[in-house]
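This is protein15.cif. It holds mmCIF, C-alpha atoms and all ligand atoms.
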```cif
data_entry
loop_
_atom_site.label_atom_id
_atom_site.label_comp_id
_atom_site.auth_asym_id
_atom_site.auth_seq_id
_atom_site.Cartn_x
_atom_site.Cartn_y
_atom_site.Cartn_z
CA MET A 14 -57.11 43.34 -103.07
CA PRO A 15 -54.22 42.49 -100.75
CA LEU A 16 -55.25 41.05 -97.40
CA THR A 17 -53.24 43.69 -95.59
CA HIS A 18 -51.28 46.74 -96.59
CA THR A 19 -47.73 46.81 -95.34
CA THR A 20 -48.11 50.31 -93.93
CA SER A 21 -51.59 49.81 -92.44
CA GLN A 22 -52.29 50.39 -88.78
CA PRO A 23 -52.50 47.27 -86.58
CA ARG A 24 -56.01 45.77 -86.64
CA ASN A 25 -57.85 43.80 -84.00
CA ASP A 26 -60.92 42.79 -85.96
CA TRP A 27 -59.60 39.87 -87.99
CA SER A 28 -62.05 37.16 -89.02
CA LEU A 29 -61.10 33.50 -88.93
CA ASP A 30 -61.63 33.25 -92.70
CA GLU A 31 -59.25 36.16 -93.33
CA ILE A 32 -56.57 34.55 -91.20
CA GLU A 33 -57.03 31.17 -92.84
CA ALA A 34 -56.72 32.86 -96.23
CA ILE A 35 -53.40 34.39 -95.12
CA LEU A 36 -52.13 30.99 -93.95
CA ASP A 37 -53.41 29.17 -97.05
CA GLN A 38 -51.52 31.33 -99.56
CA PRO A 39 -48.75 29.78 -101.63
CA PHE A 40 -45.67 29.72 -99.39
CA ASN A 41 -43.73 32.25 -101.47
CA ASP A 42 -46.62 34.73 -101.50
CA LEU A 43 -47.05 34.43 -97.73
CA LEU A 44 -43.35 35.02 -97.10
CA PHE A 45 -43.32 37.99 -99.47
CA GLN A 46 -46.29 39.52 -97.65
CA ALA A 47 -44.74 38.93 -94.22
CA GLN A 48 -41.41 40.40 -95.35
CA GLY A 49 -43.14 43.55 -96.53
CA VAL A 50 -44.89 44.00 -93.20
CA HIS A 51 -41.72 43.19 -91.25
CA ARG A 52 -39.60 45.71 -93.14
CA ALA A 53 -42.26 48.39 -92.71
CA HIS A 54 -42.02 48.05 -88.92
CA PHE A 55 -38.57 46.72 -88.02
CA ASP A 56 -34.96 46.55 -89.09
CA PRO A 57 -35.05 43.01 -90.59
CA ASN A 58 -31.46 42.29 -89.56
CA ARG A 59 -31.87 42.81 -85.82
CA ILE A 60 -33.06 40.18 -83.37
CA GLN A 61 -34.12 40.78 -79.77
CA VAL A 62 -32.80 38.27 -77.23
CA SER A 63 -34.17 37.21 -73.86
CA THR A 64 -32.59 34.92 -71.27
CA LEU A 65 -34.78 32.47 -69.31
CA LEU A 66 -34.48 31.07 -65.79
CA SER A 67 -36.78 28.64 -64.01
CA ILE A 68 -37.07 30.11 -60.50
CA LYS A 69 -39.42 27.38 -59.23
CA THR A 70 -39.36 24.05 -61.00
CA GLY A 71 -41.85 21.20 -61.28
CA ALA A 72 -44.56 19.88 -58.92
CA CYS A 73 -47.14 22.04 -60.69
CA PRO A 74 -50.79 21.18 -59.94
CA GLU A 75 -51.92 21.98 -63.51
CA ASP A 76 -52.30 19.26 -66.15
CA CYS A 77 -50.95 20.96 -69.31
CA GLY A 78 -50.39 17.98 -71.63
CA TYR A 79 -47.13 19.31 -73.05
CA CYS A 80 -45.42 20.25 -69.81
CA ALA A 81 -42.51 18.53 -68.08
CA GLN A 82 -43.38 20.36 -64.86
CA SER A 83 -46.88 19.02 -64.21
CA ALA A 84 -47.06 16.87 -61.06
CA ARG A 85 -49.62 14.79 -62.92
CA HIS A 86 -47.11 13.47 -65.45
CA GLU A 87 -44.33 10.96 -64.77
CA THR A 88 -41.36 12.88 -66.11
CA LYS A 89 -37.74 12.62 -65.00
CA LEU A 90 -37.73 16.19 -63.72
CA GLU A 91 -36.52 16.88 -60.17
CA PRO A 92 -38.76 19.52 -58.55
CA GLU A 93 -37.01 22.52 -57.01
CA ARG A 94 -38.40 25.05 -54.55
CA LEU A 95 -38.56 28.77 -55.23
CA MET A 96 -34.96 29.95 -55.53
CA PRO A 97 -33.52 32.41 -52.99
CA VAL A 98 -33.43 35.98 -54.30
CA GLU A 99 -29.65 36.22 -54.17
CA ALA A 100 -29.23 33.02 -56.22
CA VAL A 101 -31.49 34.44 -58.94
CA LEU A 102 -29.61 37.73 -58.96
CA GLU A 103 -26.35 35.81 -59.31
CA VAL A 104 -27.66 34.14 -62.49
CA ALA A 105 -28.98 37.48 -63.75
CA ARG A 106 -25.60 39.15 -63.15
CA GLU A 107 -23.91 36.36 -65.06
CA ALA A 108 -26.43 36.70 -67.91
CA ARG A 109 -25.84 40.46 -67.95
CA GLY A 110 -22.10 39.79 -68.06
CA ARG A 111 -22.65 37.78 -71.25
CA GLY A 112 -24.57 40.70 -72.68
CA ALA A 113 -28.19 39.78 -71.95
CA THR A 114 -30.44 42.75 -71.26
CA ARG A 115 -33.83 41.08 -70.63
CA PHE A 116 -34.20 38.46 -67.95
CA CYS A 117 -37.31 36.23 -67.89
CA MET A 118 -38.16 34.27 -64.74
CA GLY A 119 -40.62 31.35 -64.90
CA ALA A 120 -42.37 29.54 -62.05
CA ALA A 121 -44.31 26.27 -62.21
CA TRP A 122 -47.41 27.57 -60.46
CA ARG A 123 -51.12 27.64 -61.23
CA ASN A 124 -50.90 31.08 -59.58
CA PRO A 125 -48.53 32.65 -57.05
CA THR A 126 -49.54 32.98 -53.41
CA ASP A 127 -49.07 36.45 -51.96
CA ARG A 128 -46.12 35.11 -49.94
CA ASN A 129 -44.46 33.66 -53.05
CA LEU A 130 -45.08 36.93 -54.80
CA ASP A 131 -43.20 38.87 -52.10
CA GLN A 132 -40.09 36.87 -52.99
CA VAL A 133 -40.63 37.33 -56.75
CA LEU A 134 -41.05 41.09 -56.23
CA ALA A 135 -37.64 41.17 -54.57
CA MET A 136 -36.21 39.34 -57.60
CA VAL A 137 -37.85 41.79 -60.00
CA GLU A 138 -36.53 44.76 -58.02
CA GLY A 139 -33.05 43.22 -57.93
CA VAL A 140 -32.92 42.44 -61.65
CA HIS A 141 -34.33 45.88 -62.45
CA ALA A 142 -31.60 47.42 -60.31
CA LEU A 143 -29.02 45.58 -62.45
CA GLY A 144 -30.30 47.66 -65.35
CA MET A 145 -31.97 44.73 -67.11
CA GLU A 146 -35.51 44.51 -68.45
CA THR A 147 -37.61 42.09 -66.43
CA CYS A 148 -40.21 39.50 -67.45
CA VAL A 149 -41.97 36.91 -65.29
CA THR A 150 -44.37 34.07 -65.99
CA LEU A 151 -46.09 32.87 -62.82
CA GLY A 152 -49.50 31.58 -63.95
CA MET A 153 -52.79 33.32 -63.20
CA LEU A 154 -52.75 36.67 -61.40
CA THR A 155 -55.26 38.75 -59.46
CA ALA A 156 -55.50 42.46 -60.28
CA ALA A 157 -53.81 43.28 -56.96
CA GLN A 158 -50.89 40.98 -57.78
CA ALA A 159 -50.52 42.53 -61.22
CA HIS A 160 -50.39 45.97 -59.57
CA ARG A 161 -47.70 44.85 -57.15
CA LEU A 162 -45.57 43.50 -59.99
CA LYS A 163 -45.95 46.73 -61.92
CA ASP A 164 -44.99 48.76 -58.84
CA ALA A 165 -41.88 46.60 -58.36
CA GLY A 166 -40.65 47.67 -61.80
CA LEU A 167 -41.69 44.65 -63.88
CA ASP A 168 -41.65 45.29 -67.62
CA TYR A 169 -43.31 42.21 -69.19
CA TYR A 170 -45.68 39.46 -68.06
CA ASN A 171 -45.73 36.23 -70.09
CA HIS A 172 -48.98 34.31 -70.19
CA ASN A 173 -49.64 32.15 -73.23
CA LEU A 174 -53.00 31.26 -74.76
CA ASP A 175 -51.19 28.12 -75.98
CA THR A 176 -53.68 27.08 -78.69
CA SER A 177 -57.16 27.74 -80.09
CA PRO A 178 -60.19 27.88 -77.79
CA GLU A 179 -61.56 24.91 -79.77
CA PHE A 180 -58.50 22.65 -79.27
CA TYR A 181 -57.61 23.85 -75.78
CA GLY A 182 -59.73 21.26 -73.92
CA GLN A 183 -57.70 18.44 -75.45
CA VAL A 184 -54.51 19.79 -73.86
CA ILE A 185 -55.47 21.35 -70.51
CA SER A 186 -58.40 20.72 -68.19
CA THR A 187 -57.40 22.50 -64.97
CA ARG A 188 -57.68 26.11 -66.16
CA THR A 189 -60.01 27.59 -68.75
CA TYR A 190 -59.24 29.63 -71.81
CA GLN A 191 -61.23 32.46 -70.25
CA ASP A 192 -58.97 32.29 -67.15
CA ARG A 193 -56.03 33.01 -69.44
CA LEU A 194 -57.78 35.89 -71.19
CA ASP A 195 -58.74 37.33 -67.79
CA THR A 196 -55.14 37.25 -66.55
CA LEU A 197 -53.97 38.93 -69.76
CA ASP A 198 -56.62 41.65 -69.25
CA ARG A 199 -55.47 42.30 -65.69
CA VAL A 200 -51.83 42.47 -66.72
CA ARG A 201 -52.58 44.89 -69.57
CA GLU A 202 -54.85 47.04 -67.43
CA VAL A 203 -52.10 47.83 -64.91
CA GLY A 204 -49.82 48.95 -67.73
CA LEU A 205 -47.51 45.95 -67.95
CA LYS A 206 -46.35 44.88 -71.39
CA THR A 207 -47.77 41.51 -72.38
CA CYS A 208 -45.99 38.52 -73.83
CA SER A 209 -48.44 35.93 -75.15
CA GLY A 210 -48.32 33.24 -77.79
CA GLY A 211 -48.72 29.52 -78.13
CA ILE A 212 -47.39 26.10 -79.01
CA LEU A 213 -47.51 24.43 -82.43
CA GLY A 214 -47.29 20.72 -83.12
CA MET A 215 -49.68 19.44 -80.46
CA GLY A 216 -51.97 17.77 -83.01
CA GLU A 217 -54.02 20.88 -83.77
CA SER A 218 -55.36 21.65 -87.26
CA ARG A 219 -54.44 24.63 -89.43
CA ARG A 220 -57.83 26.11 -88.53
CA ASP A 221 -56.87 25.82 -84.85
CA ARG A 222 -53.65 27.65 -85.58
CA ALA A 223 -55.64 30.36 -87.36
CA SER A 224 -58.03 30.52 -84.44
CA MET A 225 -55.20 30.93 -81.92
CA LEU A 226 -53.75 33.74 -84.03
CA ARG A 227 -57.17 35.33 -84.18
CA GLN A 228 -57.41 35.32 -80.38
CA LEU A 229 -53.98 36.92 -80.06
CA SER A 230 -54.42 39.50 -82.80
CA ASN A 231 -57.92 40.53 -81.69
CA LEU A 232 -56.90 41.29 -78.11
CA PRO A 233 -57.59 44.96 -77.21
CA ALA A 234 -53.87 45.60 -77.71
CA HIS A 235 -51.51 43.22 -79.48
CA PRO A 236 -49.06 41.54 -77.09
CA GLU A 237 -45.72 43.33 -77.36
CA SER A 238 -44.08 39.88 -77.57
CA VAL A 239 -45.61 36.86 -79.29
CA PRO A 240 -43.71 33.63 -78.54
CA ILE A 241 -44.33 30.87 -81.06
CA ASN A 242 -43.17 27.62 -79.46
CA LEU A 243 -42.66 24.33 -81.28
CA LEU A 244 -43.74 21.54 -78.94
CA VAL A 245 -40.77 20.07 -77.07
CA ARG A 246 -41.84 16.43 -76.80
CA VAL A 247 -40.94 15.54 -73.23
CA GLU A 248 -40.88 11.88 -72.22
CA GLY A 249 -43.62 11.12 -69.71
CA THR A 250 -45.99 13.85 -70.89
CA PRO A 251 -49.22 12.93 -72.72
CA LEU A 252 -47.94 14.69 -75.85
CA PHE A 253 -44.62 12.82 -75.96
CA GLY A 254 -45.62 10.62 -78.91
CA GLN A 255 -47.04 13.46 -80.98
CA ALA A 256 -46.06 13.40 -84.65
CA ALA A 257 -43.60 16.09 -85.76
CA LEU A 258 -45.13 19.17 -87.35
CA ASP A 259 -44.31 19.97 -90.98
CA PRO A 260 -41.59 22.65 -90.56
CA PHE A 261 -43.11 24.76 -93.36
CA GLU A 262 -46.34 24.92 -91.36
CA PHE A 263 -44.36 26.40 -88.47
CA VAL A 264 -42.91 29.03 -90.81
CA ARG A 265 -46.39 29.84 -92.13
CA VAL A 266 -47.65 30.56 -88.63
CA VAL A 267 -44.66 32.80 -87.88
CA ALA A 268 -45.35 34.68 -91.12
CA ALA A 269 -49.06 35.03 -90.36
CA ALA A 270 -48.28 36.28 -86.84
CA ARG A 271 -46.02 38.92 -88.39
CA VAL A 272 -48.77 40.02 -90.81
CA LEU A 273 -51.47 40.10 -88.12
CA MET A 274 -49.41 41.78 -85.37
CA PRO A 275 -47.05 43.96 -87.40
CA ALA A 276 -45.46 45.93 -84.57
CA SER A 277 -45.00 43.03 -82.12
CA HIS A 278 -41.81 41.10 -81.56
CA VAL A 279 -42.51 37.56 -82.80
CA ARG A 280 -40.33 35.17 -80.84
CA LEU A 281 -38.99 31.92 -82.21
CA SER A 282 -39.22 30.21 -78.81
CA ALA A 283 -39.11 26.57 -77.64
CA GLY A 284 -38.02 23.93 -80.12
CA ARG A 285 -35.11 25.75 -81.73
CA SER A 286 -32.65 23.06 -80.67
CA GLU A 287 -34.47 20.64 -82.99
CA MET A 288 -34.58 23.09 -85.88
CA SER A 289 -31.99 23.23 -88.64
CA ASP A 290 -30.15 26.49 -89.27
CA GLU A 291 -32.03 26.72 -92.57
CA LEU A 292 -35.42 26.44 -90.87
CA GLN A 293 -34.50 29.13 -88.35
CA ALA A 294 -33.32 31.36 -91.19
CA LEU A 295 -36.69 30.87 -92.91
CA CYS A 296 -38.42 31.89 -89.67
CA PHE A 297 -36.36 35.09 -89.53
CA LEU A 298 -37.24 35.70 -93.17
CA ALA A 299 -40.91 35.20 -92.24
CA GLY A 300 -40.69 37.91 -89.61
CA ALA A 301 -39.50 36.29 -86.40
CA ASN A 302 -37.32 38.87 -84.65
CA SER A 303 -36.75 37.54 -81.15
CA ILE A 304 -35.28 34.40 -79.58
CA PHE A 305 -34.47 32.89 -76.22
CA TYR A 306 -30.69 32.88 -75.87
CA GLY A 307 -28.83 30.60 -73.46
CA GLU A 308 -28.21 26.90 -72.97
CA ARG A 309 -31.56 26.14 -71.30
CA LEU A 310 -35.18 27.15 -71.70
CA LEU A 311 -36.97 26.39 -68.41
CA THR A 312 -36.31 22.68 -67.99
CA THR A 313 -35.25 21.57 -71.47
CA PRO A 314 -32.13 22.34 -73.52
CA ASN A 315 -32.11 25.34 -75.84
CA ALA A 316 -30.03 25.81 -78.99
CA ALA A 317 -26.37 26.17 -77.94
CA SER A 318 -25.12 29.76 -77.62
CA ASP A 319 -22.10 29.26 -79.86
CA ARG A 320 -24.32 27.79 -82.56
CA ASP A 321 -26.57 30.87 -82.29
CA ARG A 322 -23.61 33.21 -82.54
CA GLN A 323 -22.33 31.42 -85.63
CA LEU A 324 -25.79 31.40 -87.21
CA PHE A 325 -26.17 35.13 -86.63
CA GLU A 326 -22.76 35.79 -88.13
CA ARG A 327 -23.58 33.67 -91.18
CA LEU A 328 -26.88 35.49 -91.69
CA GLY A 329 -25.53 38.97 -90.97
CA LEU A 330 -27.98 39.38 -88.10
CA ALA A 331 -27.23 41.53 -85.06
CA PHE A 332 -28.65 41.03 -81.61
CA GLU A 333 -30.69 44.02 -80.56
CA GLU A 334 -32.34 45.21 -77.45
CA VAL A 335 -35.31 47.54 -77.29
CA GLU A 336 -34.49 50.13 -74.69
CA ALA A 337 -36.92 50.36 -71.80
CA GLU A 338 -38.91 53.57 -71.64
CA ARG A 339 -37.65 54.09 -68.11
CA THR A 340 -34.05 54.47 -69.28
CA GLU A 341 -34.87 56.90 -72.03
CA PRO A 342 -38.34 58.42 -71.71
CA GLY A 343 -40.05 58.80 -75.06
CA ALA A 344 -37.45 56.66 -76.77
CA CYS A 345 -39.24 53.34 -76.73
CA ASN A 346 -38.54 51.23 -79.80
CA LYS A 347 -35.17 52.89 -80.19
CA THR A 348 -32.96 50.03 -81.23
CA VAL A 349 -29.39 49.72 -80.08
CA GLU A 350 -26.87 47.19 -81.22
CA HIS A 351 -26.40 44.52 -78.65
CA ARG A 352 -23.36 42.25 -78.70
CA ILE A 353 -23.34 38.98 -76.84
CA ARG A 354 -20.04 38.07 -75.20
CA LEU A 355 -19.45 34.35 -74.79
N1 LIG B 1 -46.78 28.01 -65.02
C1 LIG B 1 -46.96 29.19 -65.74
C2 LIG B 1 -48.05 29.05 -66.77
O1 LIG B 1 -48.22 28.00 -67.34
O2 LIG B 1 -48.74 30.06 -67.00
C3 LIG B 1 -45.70 29.70 -66.38
C4 LIG B 1 -44.67 28.76 -66.95
S1 LIG B 1 -45.16 27.79 -68.37
C5 LIG B 1 -43.87 26.61 -68.46
C6 LIG B 1 -44.91 28.90 -69.75
C7 LIG B 1 -45.22 28.41 -71.14
O3 LIG B 1 -44.17 27.56 -71.60
C8 LIG B 1 -46.47 27.58 -71.37
O4 LIG B 1 -47.64 28.35 -71.41
C9 LIG B 1 -46.18 26.95 -72.72
O5 LIG B 1 -46.66 27.76 -73.76
C10 LIG B 1 -44.65 26.88 -72.75
N2 LIG B 1 -44.21 25.46 -72.68
C11 LIG B 1 -44.15 24.69 -71.58
N3 LIG B 1 -43.73 23.45 -71.89
C12 LIG B 1 -43.52 23.43 -73.22
C13 LIG B 1 -43.10 22.43 -74.14
N4 LIG B 1 -42.84 21.17 -73.75
N5 LIG B 1 -42.97 22.76 -75.44
C14 LIG B 1 -43.25 24.01 -75.85
N6 LIG B 1 -43.67 25.00 -75.04
C15 LIG B 1 -43.81 24.72 -73.73
C1 LIG B 2 -42.69 30.78 -73.80
O1 LIG B 2 -43.61 31.00 -74.61
N1 LIG B 2 -41.81 29.81 -73.91
C2 LIG B 2 -40.90 29.78 -72.79
C3 LIG B 2 -41.33 31.02 -71.99
N2 LIG B 2 -42.47 31.49 -72.70
C4 LIG B 2 -41.58 30.93 -70.54
C5 LIG B 2 -40.91 28.49 -72.06
C6 LIG B 2 -40.61 27.31 -72.96
C7 LIG B 2 -40.56 26.09 -72.12
C8 LIG B 2 -40.11 24.91 -72.90
C9 LIG B 2 -40.10 23.68 -72.10
C10 LIG B 2 -39.20 23.69 -70.90
O2 LIG B 2 -38.01 24.08 -71.00
O3 LIG B 2 -39.65 23.24 -69.84
FE1 LIG B 3 -47.75 24.22 -64.67
FE2 LIG B 3 -47.23 26.18 -66.41
FE3 LIG B 3 -46.41 23.64 -66.87
FE4 LIG B 3 -49.00 24.20 -67.04
S1 LIG B 3 -47.35 25.04 -68.32
S2 LIG B 3 -48.10 22.43 -65.97
S3 LIG B 3 -49.21 25.74 -65.44
S4 LIG B 3 -45.72 24.98 -65.24
#
```
In structure tokens, write the structure found in this file.
Amino acid sequence: MPLTHTTSQPRNDWSLDEIEAILDQPFNDLLFQAQGVHRAHFDPNRIQVSTLLSIKTGACPEDCGYCAQSARHETKLEPERLMPVEAVLEVAREARGRGATRFCMGAAWRNPTDRNLDQVLAMVEGVHALGMETCVTLGMLTAAQAHRLKDAGLDYYNHNLDTSPEFYGQVISTRTYQDRLDTLDRVREVGLKTCSGGILGMGESRRDRASMLRQLSNLPAHPESVPINLLVRVEGTPLFGQAALDPFEFVRVVAAARVLMPASHVRLSAGRSEMSDELQALCFLAGANSIFYGERLLTTPNAASDRDRQLFERLGLAFEEVEAERTEPGACNKTVEHRIRL
């Protein structure tokens, strides 16, 4: 019996053994399964694009072992205070001018203070007024803060589980896995769309990768966006010397994410600048249908925009944007062609 039917409804009762069995399949069988699921839910030749901006950089009190922005690691990063609202809107306008329609703002905080949040709300309102979709990632939130973000017109909140509950303690000690699940609950409960995924290549096992996918796919509602990051090995972080992950293992996880969360956008996130065109193409074949577009991620370089444009042309892929419900009520998931101007 197949492990999943391509037309089946999304499930949130996956067992770890089922997910491991999906990951353990011969590579060609796994990609065939993922392709079937992908084509049942999406146009396979359209990719959603988001643009990222770090609105507050570095000096973070958390100890995430992968992160350039932790004050506990000796990295070369220059900390920067929370940007003025107008400066953020200037970058957003420029991104919009190049064709971007979703703007994601990241802050190196354990959690925002209410005063910080006031400034972020003004950014969200300003970007929303530009007609762009908005996403922020600010760390842990209270329910009241989640409400305020929703009221300001925020569309998505990014908060990653990062890895399995079992491996988590080897990477982060200053916030618990349950803290992350609690923030995701609060965000979902106020009606925000969730963006949640993890990082591969931190020394975790395949079972850990299955366990992380189980956490994500068994949430009460699948995250609308699932970023799969390949560890960017930043000098000065504890994970700098980590051995490179087998690229086919990365593709397997993308494919399994597609099978487990069939209607979610699976985002090929950090690490693309180190990936060959062929590896990225395999990820798209495995069901990845979203990327970060632009020269930088938060603090590290992203794949160059002209390289992305060429890759998309060579693969016959078009950039798409999912229209926000607010612009066309009842028309969510309507896909429109989205051309990036360089
Ligand atoms: N400070 C907030 C938090 O951690 O919740 C938001 C920003 S944080 C940089 C967002 C996510 O970026 C992390 O959860 C992690 O998954 C990803 N990330 C950070 N550094 C990374 C790296 N070196 N390689 C891959 N992903 C990374
Ligand atoms: C996500 O999953 N990846 C993005 C976004 N969400 C915020 C961040 C990647 C950061 C990569 C390292 C850096 O540039 O600092
Ligand atoms: Fe801080 Fe977020 Fe980096 Fe962790 S991932 S150190 S919380 S900025």
Expressed in Å, the length from CA of Phe297 in chain A to CA of Leu44 in chain A is 10.3 Å
Closest to Ser63 in chain A among A:Gly49, A:Pro233, A:Gly110, A:Gly307, using only C-alpha atoms?
-> A:Gly307
Could you pull the residues within 12 Å of Ser224 in chain A, counting only C-alpha atoms, minus those fewer than 2 positions along the same chain, as a ChimeraX atom specification?
-> /A:27-33,36,174-181,211,217-222,226-231,266,269-270
How would you write, as a PyMOL selection string, the set of residues no farther than 9 Å from ligand LIG 2 (chain B) when counting all atoms listed in the file?
-> chain A and resi 65-67+70+79-82+117-120+149-150+171-173+175+208-212+239-247+280-284+305+309-315
Could you put an axis-aligned box around every listed atom of ligand LIG 1 (chain B), padded by 3 Å on each side, and send me its centre and edge lengths in Å to one decimal, as JSON?
```
{"center_x": -45.8, "center_y": 25.6, "center_z": -70.4, "size_x": 11.9, "size_y": 14.9, "size_z": 16.8}
```
From the list A:Thr147, A:Thr189, A:Gln61, A:Gln22, which residue is nearest ligand LIG 3 (chain B) when using all atoms listed in the file?
-> A:Thr189
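Distance annotation: of A:Leu258, A:Leu197, A:Ile185, A:Ala316, the residue with the minimal separation from Gly216 in chain A is A:Leu258; atom set is all atoms listed in the file.
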Within 7 Å of ligand LIG 3 (chain B), counting only C-alpha atoms and all ligand atoms: which residues, as a list in words?
->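 Answer in the requested format: Gly71, Cys73, Pro74, Glu75, Asp76, Cys77, Cys80, Ala81, Gln82, Ser83, Ala120, Ala121, Trp122, Arg123 and Gly152 of chain A.
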Distance query range 153-169 of chain A at most 8 Å, only C-alpha atoms, self and fewer than 2 positions along chain excluded, as a list in words |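 My reading of the contact set: Arg123, Asn124, Pro125, Asp127, Leu130, Leu134, Ala135, Val137, Glu138, His141, Glu146, Thr147, Cys148, Val149, Leu151, Asn171, Asp192, Arg193, Thr196, Arg199, Val200, Val203, Gly204, Leu205, Lys206, Thr207 and Cys208 of chain A.
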Interatomic distance (Å, one decimal) between CA of Glu87 in chain A and CA of Ala100 in chain A | 28.1 Å
For ligand LIG 1 (chain B), which residue out of A:Leu295, A:Leu194, A:Ala53, A:Ala268 is the nearest one, using all atoms listed in the file?
->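 Of A:Leu295, A:Leu194, A:Ala53, A:Ala268, the one nearest ligand LIG 1 (chain B), counting all atoms listed in the file, is A:Leu194.
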How many Å lie between CA of Phe55 in chain A and CA of Glu262 in chain A, rounded to one decimal?
->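 That distance, rounded to one decimal, is 23.4 Å.
Each of A:Asn58, A:Gln191, A:Ser303, A:Thr250 was checked against ligand LIG 1 (chain B) using only C-alpha atoms and all ligand atoms; the smallest atom-to-atom distance is that of A:Thr250.
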Between A:Gln323, A:Gln132, A:Ser318, A:Thr88, which one has atoms that come closest to ligand LIG 1 (chain B), using all atoms listed in the file?
->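 Of A:Gln323, A:Gln132, A:Ser318, A:Thr88, the one nearest ligand LIG 1 (chain B) is A:Thr88, counting all atoms listed in the file.
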Using only C-alpha atoms, collect all residues at a distance of at most 9 Å from (-33.9, 29.5, -58.3) as written in the file, then present them as a ChimeraX atom specification.
-> /A:66-70,93-101,104
With N, CA and C atoms as the target, complete range 186-199 of chain A and hand it back as a PDB file, in the coordinates of the input.
```
ATOM      1  N   SER A 186     -57.038  20.744 -68.753  1.00  0.00           N
ATOM      2  CA  SER A 186     -58.400  20.720 -68.190  1.00  0.00           C
ATOM      3  C   SER A 186     -58.497  21.521 -66.898  1.00  0.00           C
ATOM      4  N   THR A 187     -57.359  21.930 -66.323  1.00  0.00           N
ATOM      5  CA  THR A 187     -57.400  22.500 -64.970  1.00  0.00           C
ATOM      6  C   THR A 187     -57.512  24.027 -64.951  1.00  0.00           C
ATOM      7  N   ARG A 188     -57.446  24.653 -66.105  1.00  0.00           N
ATOM      8  CA  ARG A 188     -57.680  26.110 -66.160  1.00  0.00           C
ATOM      9  C   ARG A 188     -58.338  26.408 -67.503  1.00  0.00           C
ATOM     10  N   THR A 189     -59.253  27.345 -67.514  1.00  0.00           N
ATOM     11  CA  THR A 189     -60.010  27.590 -68.750  1.00  0.00           C
ATOM     12  C   THR A 189     -59.307  28.609 -69.629  1.00  0.00           C
ATOM     13  N   TYR A 190     -59.747  28.630 -70.862  1.00  0.00           N
ATOM     14  CA  TYR A 190     -59.240  29.630 -71.810  1.00  0.00           C
ATOM     15  C   TYR A 190     -59.575  31.026 -71.307  1.00  0.00           C
ATOM     16  N   GLN A 191     -60.801  31.153 -70.760  1.00  0.00           N
ATOM     17  CA  GLN A 191     -61.230  32.460 -70.250  1.00  0.00           C
ATOM     18  C   GLN A 191     -60.340  32.906 -69.082  1.00  0.00           C
ATOM     19  N   ASP A 192     -59.903  31.937 -68.240  1.00  0.00           N
ATOM     20  CA  ASP A 192     -58.970  32.290 -67.150  1.00  0.00           C
ATOM     21  C   ASP A 192     -57.734  32.981 -67.728  1.00  0.00           C
ATOM     22  N   ARG A 193     -57.247  32.437 -68.837  1.00  0.00           N
ATOM     23  CA  ARG A 193     -56.030  33.010 -69.440  1.00  0.00           C
ATOM     24  C   ARG A 193     -56.301  34.403 -69.978  1.00  0.00           C
ATOM     25  N   LEU A 194     -57.436  34.563 -70.654  1.00  0.00           N
ATOM     26  CA  LEU A 194     -57.780  35.890 -71.190  1.00  0.00           C
ATOM     27  C   LEU A 194     -57.947  36.888 -70.047  1.00  0.00           C
ATOM     28  N   ASP A 195     -58.530  36.431 -68.937  1.00  0.00           N
ATOM     29  CA  ASP A 195     -58.740  37.330 -67.790  1.00  0.00           C
ATOM     30  C   ASP A 195     -57.405  37.791 -67.215  1.00  0.00           C
ATOM     31  N   THR A 196     -56.456  36.858 -67.076  1.00  0.00           N
ATOM     32  CA  THR A 196     -55.140  37.250 -66.550  1.00  0.00           C
ATOM     33  C   THR A 196     -54.475  38.248 -67.495  1.00  0.00           C
ATOM     34  N   LEU A 197     -54.560  37.986 -68.799  1.00  0.00           N
ATOM     35  CA  LEU A 197     -53.970  38.930 -69.760  1.00  0.00           C
ATOM     36  C   LEU A 197     -54.603  40.309 -69.632  1.00  0.00           C
ATOM     37  N   ASP A 198     -55.928  40.360 -69.430  1.00  0.00           N
ATOM     38  CA  ASP A 198     -56.620  41.650 -69.250  1.00  0.00           C
ATOM     39  C   ASP A 198     -56.068  42.386 -68.042  1.00  0.00           C
ATOM     40  N   ARG A 199     -55.932  41.646 -66.932  1.00  0.00           N
ATOM     41  CA  ARG A 199     -55.470  42.300 -65.690  1.00  0.00           C
ATOM     42  C   ARG A 199     -54.052  42.850 -65.862  1.00  0.00           C
TER      43      ARG A 199
END
```
